[in-house]
Amino acid sequence: MNTKVIVVANQKGGVGKTTNTIHVARALAERGKKCLIVDLDSSAGATTTLGVPTVGWQTIFEVISGEVDAEEAIITDQDVEVSLPQNIHLIPSSPRLNELDSFLNRDENLGIVAQDLLMAPIAGVRGRYDYVLLDSAPLVTKTTFPAYKVADYAILSTQLEKLSFERLESAMKLISSAQRNGNNRLALLGIVVTMAPQPTTRLAMHYLNLIDSTYLSEEGTPVRFEALIHRNVAIQEAATAKQTLFEYQPGHRVVNSYRHLAGEMEDRIKRRDLRSAAQTPQVANG
């Protein structure tokens with residue numbers, strides 16, 4: 001199985017990273033893809049939204065610290081204690097992630113390379129899933145750059161407002177840094193606009209145009225996904241009910257937006273794979 005690892009990011013809170021991570025995974029799972037969500041935020045937003053308690057489980061902290069292998073921390077859709085959607089598995093988080101600084105400062109751990117904290121865990125799950133989605137923290141924490149370092153693709157979330165747009169530049173710098181420092185396969189898959197107003201205001205249109213003119217693909221086309229995630233209360237209601245919107249209100253228009261987004265993602269990945277294959281030198285037999 002050719003696993004694609006995707007970090008969902010933007011160095012600003014409140015722009016829908018966790019919502020996007022969960023619902024993109026759910027849309028891909030509906031398409032028959034096996035997905036693993038790795039919650040890298042100490043607030044454990046993805047974990048709690050999926051109805052998983054933050055105590056009583058092995059978490060990403062225990063994985064990073066080497067207490068357990070990644071496989072031992074995975075909660076599957078067959079676990080009787082929680083109810084994950086079909087084809088979605090989870091490595092949960094907890095506030096213990098806040099202990100990473102202390103862990104790295106111990107004498108016996110001073111030789112650990114902080115930026116490589118996720119190398120072994122992600123290597124351990126490659127080949128088992130179609131997609132591994134890394135739900136990154138809103139600020140730059142000890143797990144932020146390691147997520148870029150192991151990912152094949154980045155998806156950036158943004159709102160149509162000044163601060164969210166400005167923070168995209170910070171995320172792009174992290175992508176560039178990861179590319180220069182050991183992860184040259186990392187590529188920006190696209191930018192997802194969340195909480196878009198409807199009807200579209202003049203200010204929202206200004207930032208849509210700004211995103212499209214600032215962030216372009218190698219072919220010179222906008223990297224923003226066509227699918228817009230419009231502002232709504234149903235997602236918050238679903239999160240309160242510990243469900244995705246696919247389960248809570250399957251006919252909602254935002255569900256269809258995430259289906260559209262998943263299709264765009266897979267089309268872009270397929271095109272990139274085809275370009276890579278075409279550029280790979282063929283070794284002659286004999």
# chains A, B, ... in the order shown; residues from 1 in each chain; ligands from 1

call {"tool": "residues_around", "arguments": {"residues": "segment 14-20 of chain A", "least_positions_apart": "5", "cutoff": "10 Å", "atoms": "only C-alpha atoms", "output": "number ranges by chain"}}
result
A: 7-9, 25-26, 39, 41, 44-47, 49, 134-138, 155-160, 164, 192-195, 229, 235-236, 239, 244-245, 258, 261

call {"tool": "atom_distance", "arguments": {"atom1": "atom CA of Glu266 of chain A", "atom2": "atom CA of Leu28 of chain A"}}
result
8.8 Å

call {"tool": "select_by_dssp", "arguments": {"residues": "segment 30-193 of chain A", "states": "alpha helix (DSSP H)", "output": "ChimeraX atom specification"}}
result
/A:30,45-49,60-64,70-73,100-104,119-125,144-150,162-180

call {"tool": "write_last_selection", "arguments": {"atoms": "N, CA and C atoms", "output": "compact mmCIF listing (two decimals), in the first residue's frame"}}
result
# COMPACT_ATOMS: atom_id res chain seq x y z
N GLU A 30 -15.02 7.24 3.07
CA GLU A 30 -16.23 6.95 2.30
C GLU A 30 -15.89 6.48 0.89
N GLY A 45 -7.92 17.99 20.23
CA GLY A 45 -9.17 18.32 19.57
C GLY A 45 -9.71 17.19 18.71
N ALA A 46 -8.85 16.59 17.89
CA ALA A 46 -9.31 15.48 17.04
C ALA A 46 -9.74 14.29 17.88
N THR A 47 -8.99 14.04 18.94
CA THR A 47 -9.29 12.91 19.83
C THR A 47 -10.67 13.04 20.45
N THR A 48 -10.92 14.20 21.07
CA THR A 48 -12.20 14.38 21.77
C THR A 48 -13.36 14.52 20.79
N THR A 49 -13.13 15.14 19.63
CA THR A 49 -14.20 15.27 18.65
C THR A 49 -14.67 13.91 18.16
N ILE A 60 0.02 9.66 21.50
CA ILE A 60 1.17 10.02 20.67
C ILE A 60 2.37 10.38 21.53
N PHE A 61 2.16 10.85 22.76
CA PHE A 61 3.30 11.14 23.63
C PHE A 61 4.07 9.86 23.94
N GLU A 62 3.36 8.81 24.30
CA GLU A 62 4.04 7.54 24.61
C GLU A 62 4.75 6.98 23.39
N VAL A 63 4.18 7.25 22.21
CA VAL A 63 4.83 6.79 20.97
C VAL A 63 6.12 7.57 20.73
N ILE A 64 6.03 8.90 20.81
CA ILE A 64 7.20 9.74 20.56
C ILE A 64 8.31 9.47 21.57
N ALA A 70 4.08 2.66 17.62
CA ALA A 70 2.89 3.33 17.08
C ALA A 70 1.70 2.37 17.02
N GLU A 71 1.97 1.13 16.63
CA GLU A 71 0.89 0.15 16.49
C GLU A 71 0.13 -0.05 17.80
N GLU A 72 0.83 0.02 18.92
CA GLU A 72 0.19 -0.20 20.21
C GLU A 72 -0.73 0.95 20.61
N ALA A 73 -0.56 2.12 20.00
CA ALA A 73 -1.37 3.28 20.36
C ALA A 73 -2.55 3.50 19.43
N LEU A 100 6.79 17.22 26.48
CA LEU A 100 7.88 16.91 25.54
C LEU A 100 9.15 17.69 25.82
N ASP A 101 9.00 18.96 26.20
CA ASP A 101 10.20 19.75 26.53
C ASP A 101 10.98 19.10 27.66
N SER A 102 10.27 18.71 28.71
CA SER A 102 10.92 18.06 29.85
C SER A 102 11.56 16.75 29.43
N PHE A 103 10.87 16.00 28.59
CA PHE A 103 11.39 14.72 28.10
C PHE A 103 12.71 14.93 27.35
N LEU A 104 12.73 15.92 26.47
CA LEU A 104 13.92 16.16 25.65
C LEU A 104 15.08 16.73 26.46
N MET A 119 9.85 10.52 12.91
CA MET A 119 10.39 9.67 11.85
C MET A 119 10.04 8.19 12.07
N ALA A 120 10.40 7.66 13.23
CA ALA A 120 10.15 6.24 13.49
C ALA A 120 8.66 5.93 13.59
N PRO A 121 7.86 6.74 14.32
CA PRO A 121 6.42 6.44 14.39
C PRO A 121 5.74 6.39 13.03
N ILE A 122 6.04 7.35 12.16
CA ILE A 122 5.36 7.37 10.86
C ILE A 122 5.91 6.26 9.96
N ALA A 123 7.20 5.99 10.05
CA ALA A 123 7.75 4.86 9.28
C ALA A 123 7.07 3.56 9.68
N GLY A 124 6.68 3.47 10.95
CA GLY A 124 6.05 2.25 11.45
C GLY A 124 4.64 2.01 10.94
N VAL A 125 3.98 3.07 10.44
CA VAL A 125 2.60 2.90 9.95
C VAL A 125 2.51 2.99 8.43
N THR A 144 5.45 20.35 15.62
CA THR A 144 5.07 21.03 14.38
C THR A 144 6.05 20.74 13.25
N PHE A 145 7.32 21.09 13.44
CA PHE A 145 8.28 20.85 12.36
C PHE A 145 8.49 19.37 12.10
N PRO A 146 8.52 18.50 13.12
CA PRO A 146 8.61 17.07 12.83
C PRO A 146 7.49 16.57 11.91
N ALA A 147 6.29 17.18 12.00
CA ALA A 147 5.20 16.77 11.12
C ALA A 147 5.51 17.12 9.67
N TYR A 148 6.04 18.32 9.44
CA TYR A 148 6.45 18.69 8.08
C TYR A 148 7.59 17.79 7.59
N LYS A 149 8.44 17.40 8.52
CA LYS A 149 9.63 16.62 8.16
C LYS A 149 9.27 15.22 7.66
N VAL A 150 8.13 14.66 8.09
CA VAL A 150 7.77 13.30 7.69
C VAL A 150 6.67 13.24 6.64
N LYS A 162 -7.43 38.79 7.46
CA LYS A 162 -6.05 39.25 7.39
C LYS A 162 -5.06 38.34 8.11
N LEU A 163 -5.29 38.04 9.38
CA LEU A 163 -4.32 37.30 10.16
C LEU A 163 -4.14 35.88 9.64
N SER A 164 -5.25 35.23 9.28
CA SER A 164 -5.15 33.87 8.73
C SER A 164 -4.34 33.86 7.45
N PHE A 165 -4.59 34.84 6.59
CA PHE A 165 -3.84 34.92 5.34
C PHE A 165 -2.35 35.14 5.61
N GLU A 166 -2.03 36.04 6.54
CA GLU A 166 -0.63 36.33 6.83
C GLU A 166 0.09 35.12 7.39
N ARG A 167 -0.60 34.28 8.17
CA ARG A 167 0.04 33.11 8.75
C ARG A 167 0.34 32.03 7.71
N LEU A 168 -0.30 32.12 6.55
CA LEU A 168 0.04 31.17 5.49
C LEU A 168 1.51 31.28 5.11
N GLU A 169 2.04 32.50 5.15
CA GLU A 169 3.45 32.70 4.81
C GLU A 169 4.35 31.96 5.78
N SER A 170 4.00 31.98 7.07
CA SER A 170 4.78 31.24 8.07
C SER A 170 4.77 29.75 7.78
N ALA A 171 3.59 29.23 7.42
CA ALA A 171 3.49 27.81 7.10
C ALA A 171 4.32 27.48 5.86
N MET A 172 4.32 28.37 4.87
CA MET A 172 5.11 28.13 3.67
C MET A 172 6.60 28.11 3.99
N LYS A 173 7.03 28.93 4.94
CA LYS A 173 8.44 28.93 5.34
C LYS A 173 8.81 27.60 5.99
N LEU A 174 7.90 27.03 6.78
CA LEU A 174 8.15 25.73 7.39
C LEU A 174 8.24 24.64 6.32
N ILE A 175 7.38 24.72 5.31
CA ILE A 175 7.45 23.77 4.21
C ILE A 175 8.80 23.86 3.51
N SER A 176 9.22 25.09 3.21
CA SER A 176 10.51 25.29 2.54
C SER A 176 11.67 24.79 3.39
N SER A 177 11.59 25.03 4.70
CA SER A 177 12.65 24.57 5.59
C SER A 177 12.73 23.05 5.62
N ALA A 178 11.57 22.40 5.67
CA ALA A 178 11.56 20.94 5.65
C ALA A 178 12.12 20.41 4.34
N GLN A 179 11.78 21.07 3.24
CA GLN A 179 12.29 20.64 1.93
C GLN A 179 13.81 20.76 1.86
N ARG A 180 14.36 21.81 2.50
CA ARG A 180 15.81 22.02 2.46
C ARG A 180 16.56 21.14 3.44

call {"tool": "atom_distance", "arguments": {"atom1": "atom CA of Glu226 of chain A", "atom2": "atom CA of His260 of chain A"}}
result
8.3 Å

call {"tool": "atom_distance", "arguments": {"atom1": "atom CA of Lys34 of chain A", "atom2": "atom CA of Arg259 of chain A"}}
result
15.4 Å

call {"tool": "closest_residue", "arguments": {"among": "A:Leu84, A:Leu208, A:Ala187, A:Val233", "to": "Arg268 of chain A", "atoms": "only C-alpha atoms"}}
result
A:Ala187

call {"tool": "select_by_dssp", "arguments": {"residues": "segment 63-242 of chain A", "states": "strand (DSSP E or B)", "output": "PyMOL selection string"}}
result
chain A and resi 75+88-91+131-135+153-158+187-196+216+222+224-230

call {"tool": "write_last_selection", "arguments": {"atoms": "C-alpha atoms", "output": "PDB file, in the first residue's frame"}}
result
ATOM      1  CA  ILE A  75      -7.418   2.896  18.143  1.00  0.00           C
ATOM      2  CA  ILE A  88     -10.754   5.582  10.226  1.00  0.00           C
ATOM      3  CA  HIS A  89      -8.159   4.789  12.902  1.00  0.00           C
ATOM      4  CA  LEU A  90      -6.652   7.187  15.433  1.00  0.00           C
ATOM      5  CA  ILE A  91      -3.497   7.719  17.446  1.00  0.00           C
ATOM      6  CA  TYR A 131      -3.593   8.038   4.096  1.00  0.00           C
ATOM      7  CA  VAL A 132      -2.034   9.201   7.341  1.00  0.00           C
ATOM      8  CA  LEU A 133      -3.318  12.647   8.320  1.00  0.00           C
ATOM      9  CA  LEU A 134      -1.325  14.637  10.870  1.00  0.00           C
ATOM     10  CA  ASP A 135      -3.459  17.130  12.798  1.00  0.00           C
ATOM     11  CA  TYR A 153       2.050  16.674   1.391  1.00  0.00           C
ATOM     12  CA  ALA A 154       0.815  19.696   3.315  1.00  0.00           C
ATOM     13  CA  ILE A 155      -2.718  21.049   3.310  1.00  0.00           C
ATOM     14  CA  LEU A 156      -3.041  24.556   4.735  1.00  0.00           C
ATOM     15  CA  SER A 157      -6.276  25.799   6.287  1.00  0.00           C
ATOM     16  CA  THR A 158      -7.219  29.455   6.265  1.00  0.00           C
ATOM     17  CA  ALA A 187       4.811  19.419  -1.512  1.00  0.00           C
ATOM     18  CA  LEU A 188       1.949  21.802  -0.857  1.00  0.00           C
ATOM     19  CA  LEU A 189      -1.130  19.877  -1.929  1.00  0.00           C
ATOM     20  CA  GLY A 190      -3.440  22.854  -1.564  1.00  0.00           C
ATOM     21  CA  ILE A 191      -5.081  25.527   0.571  1.00  0.00           C
ATOM     22  CA  VAL A 192      -8.527  24.954   2.074  1.00  0.00           C
ATOM     23  CA  VAL A 193     -10.725  27.943   2.819  1.00  0.00           C
ATOM     24  CA  THR A 194     -12.863  27.388   5.894  1.00  0.00           C
ATOM     25  CA  MET A 195     -15.730  29.327   7.476  1.00  0.00           C
ATOM     26  CA  ALA A 196     -16.364  31.124   4.202  1.00  0.00           C
ATOM     27  CA  LEU A 216       0.490  29.143  -7.324  1.00  0.00           C
ATOM     28  CA  PRO A 222      -3.865  28.652  -7.961  1.00  0.00           C
ATOM     29  CA  ARG A 224      -6.445  26.820  -3.478  1.00  0.00           C
ATOM     30  CA  PHE A 225      -8.959  23.995  -3.601  1.00  0.00           C
ATOM     31  CA  GLU A 226     -12.224  24.833  -5.351  1.00  0.00           C
ATOM     32  CA  ALA A 227     -14.243  23.335  -2.512  1.00  0.00           C
ATOM     33  CA  LEU A 228     -15.150  26.033   0.021  1.00  0.00           C
ATOM     34  CA  ILE A 229     -16.113  25.067   3.558  1.00  0.00           C
ATOM     35  CA  HIS A 230     -18.825  27.567   4.407  1.00  0.00           C
TER      36      HIS A 230
END

call {"tool": "closest_residue", "arguments": {"among": "A:Met1, A:Val24, A:Tyr248, A:Asn181", "to": "Met265 of chain A", "atoms": "only C-alpha atoms"}}
result
A:Val24
